[in-house]
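This report refers to the structure that appears directly beneath it.
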Amino acid sequence: MLALRLTRGAHPAVQLRRLLVAAASAGTGFLLLCALGHALGHPGTPSASALRLAWCAAPMAATVYFAVAVARTDPGTRPRPGLSAVGLGPVRLMVLSATTTALSCALGSLLALLVFLHLRGDLTGMPLDGAATDFLAADRPLPLPAALTLLALVPLSASAAVAVTLRPREPVTGTPRIARAYGRFGAGRRPAGLETFGAYGRFGKQLGAARGRRTAGAPQGQEQRQRQDGVSDVPEAVTDVPGTVTGVPETVAEAPPATAARSALSGLPWGITVLAVGLAVEAFASRTGAGGAPVDRPGALVGLALTAVGLALAGPGLTHLCGLLLQAVRPGALRLLAGRILMTEAARIGRPLGVVCAVLSAAYAMAALHEPGGPSLGPLTTLGVLLVTGCTTATLLTAAVEAKHARAGTTAALLRVGAPVTTLRKAAALRAGALLALFGPLTLLVAELSAWPLAR
């Protein structure tokens with residue numbers, strides 16, 4: 001009931017995104033039911049029916065990916081102060097988000113079932129004639145358990161992905177956690193390193209620890225004198241800024257950006273490797289399956305999937321490198337601002353951008369193969385391409401909205417110190433142009449390399 005109330009009282013933009021998730025789930029469910037209808041109408045060719053069902057994995061993955069992006073930007077299930085007091089902790093909010101996603105996807109699956117039954121003639125008694133009978137199997141009874149099982153794949157997968165993505169995590173601190181150890185004779189302390197035999201009783205060994213305890217318990221005037229004499233090496237605490245952690249060294253404060261940069265660049269070599277493997281698989285599939293359509297080759301599906309995974313892994317690293325290139329060769333304030341924002345948001349928008357590039361390259365390759373004398377694309381193939389392209393593009397736009405909300409505090413601070421609004425708009429245009437200049441030729445290159453082996 002709480003999930004239904006949060007869904008009903010959400011903002012119109014949030015409701016629109018949920019309706020888009022339901023529409024994507026309806027399209028994917030209809031493709032799954034069409035694969036079932038093809039299997040019922042062609043019992044003698046189970047391999048072709050299994051291949052059609054395997055091709056439905058791409059729209060289903062795109063739908064689940066879009067559902068996760070919408071759940072991450074849902075303000076109704078975002079942790080806020082005071083919710084834990086009424087029993088809405090992080091775990092409960094995660095369950096509510098997963099339930100809301102399952103409801104949206106279940107609504108789309110129900111719509112897909114109604115449309116499929118209407119086209120078969122089970123509701124009106126007038127089935128659709130023509131080429132549609134190839135995947136509707138109107139002359140055969142529809143097994144309802146099998147249809148419900150296929151329709152439950154999208155809601156279950158989407159809710160499980162949302163639960164895994166939004167699961168509560170422990171906060172990562174800058175200082176490593178040191179386990180408490182016990183010294184000789186049961187004295188509780190944290191030794192800096194291993195001691196040799198007899199080091200405990202050595203003269204002057206414990207003077208450093210005692211001096212540290214006396215420094216920690218000294219009054220303010222004595223502590224100031226010790227700092228002036230160079231005795232105390234404890235970093236100065238920050239007390240005039242509210243909400244800051246006292247006594248944090250400068251190197252620890254700079255650790256999270258360095259960690260984010262390493263995590264963004266770590267996937268770049270793996271992404272390039274997986275991309276090369278995907279192109280090699282497509283080339284191998286063209287040699288072993290010559291003479292058939294690309295949609296009839298299982299190797300083409302595996303190659304396109306590996307290409308998409310490779311570009312998704314390389315997307316954050318390429319976005320981070322794009323931000324670095326913007327700040328190269330004596331940058332000004334505008335290029336510095338645009339480059340730093342790209343480096344900060346590399347992990348958030350890089351992966352959806354890589355997926356969009358993979359989908360566009362695959363669509364370009366299929367459009368290049370669609371010639372007057374070549375294989376024709378059926379209505380189900382067109383629906384699948386539109387679903388994958390629409391879901392990935394909507395996921396990228398949702399990630400851009402999430403990034404805009406994440407840097408709302410930084411934008412407000414820049415406006416408070418007198419930064420003009422035109423500068424922020426120019427920085428946004430510069431970021432978009434830099435990403436287009438990098439990912440546009442990359443998309444065309446991958447599309448040409450994908451279309452070349454499949455056209456043989």
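In the structure tokens, chains take letters A, B, ... by order of appearance, with residues numbered from 1 within each chain and ligands from 1 in the order shown.
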### Task
Give me the residues within 7 Å of segment 387-391 of chain A as a list in words, counting only C-alpha atoms and dropping any in the same chain fewer than 6 places off.
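Answer for this query is Ala24, Ala58, Pro59, Ala62, Thr63, Phe66 and Val359 of chain A.
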Those same residues - C-alpha atoms - I'd like them written as a compact mmCIF listing (two decimals), in the first residue's frame.
# COMPACT_ATOMS: atom_id res chain seq x y z
CA ALA A 24 9.14 -0.67 -22.59
CA ALA A 58 18.60 -7.46 -25.98
CA PRO A 59 15.25 -5.63 -25.49
CA ALA A 62 17.63 -2.55 -22.27
CA THR A 63 14.30 -2.45 -20.42
CA PHE A 66 16.18 1.72 -18.09
CA VAL A 359 23.24 0.44 -29.95
### Task
Would you mind listing what lies within 10 Å of Ala39 of chain A as a VMD selection string, with only C-alpha atoms counted and same-chain residues fewer than 6 positions away left out?
chain A and resid 33 45 to 50 52 to 53 134 to 137
### Message
Quick one: residues within 6 Å of segment 331-343 of chain A, only C-alpha atoms, excluding same-chain residues fewer than 3 positions away - as an NGL selection string?
### Response
:A and (320 or 323 or 326-327 or 346 or 427 or 431)
### Message
If we count only C-alpha atoms and set the cut-off at 6 Å, which residues sit around segment 157-169 of chain A, ignoring sequence neighbours fewer than 3 positions away in its own chain? Please answer as a list in words.
### Response
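Surrounding residues, per the criterion: Val64, Val68, Pro90, Met94, Ala98, Thr101, Ala102, Leu153 and Val154 of chain A.
For the pair atom CA of Leu148 of chain A and atom CA of Ser97 of chain A, the interatomic distance is 23.1 Å.
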### Query
Between A:Ala264, A:Leu313, A:Val417, A:Leu360, which one has atoms that come closest to Pro441 of chain A, using only C-alpha atoms?
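Of A:Ala264, A:Leu313, A:Val417, A:Leu360, the one nearest Pro441 of chain A, counting only C-alpha atoms, is A:Leu360.
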### Task
Rounded to one decimal place, report the atom CA of Arg17 of chain A-atom CA of Tyr65 of chain A distance in Å.
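Taking atom CA of Arg17 of chain A and atom CA of Tyr65 of chain A, their separation equals 13.1 Å.
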### Message
Quick one: residues within 9 Å of segment 272-283 of chain A, only C-alpha atoms, excluding same-chain residues fewer than 6 positions away - as a list of chain:residue names?
### Response
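Counting only C-alpha atoms, the residues come to A:Gly299, A:Ala300, A:Leu301, A:Val302, A:Gly303, A:Leu304, A:Ala305, A:Leu306, A:Thr307, A:Ala308, A:Val309, A:Gly310, A:Leu311, A:Leu313, A:Ala314, A:Val446, A:Leu449, A:Ser450, A:Trp452, A:Pro453, A:Leu454.
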### Closest of A:Thr382, A:Thr392, A:Thr73, A:Thr344 to Ala61 of chain A - atom-to-atom distances counting only C-alpha atoms
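The closest residue to Ala61 of chain A is A:Thr392.
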### Task
Rank A:Leu435, A:Leu51, A:Val385, A:Ile349 by their smallest atom-to-atom distance to Ala367 of chain A, using only C-alpha atoms, and report the top residue only.
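Nearest to Ala367 of chain A: A:Val385.
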### Task
Kindly give the distance, in Å, that separates atom CA of Leu415 of chain A and atom CA of Val329 of chain A, rounded to a single decimal.
27.0 Å
### Message
Taking 3 positions as the minimum chain separation for residues in the same chain, which residues sit within 6 Å of Thr319 of chain A when counting only C-alpha atoms? Answer as a list of chain:residue names.
### Response
A:Pro316, A:Cys322, A:Ala346, A:Gly350
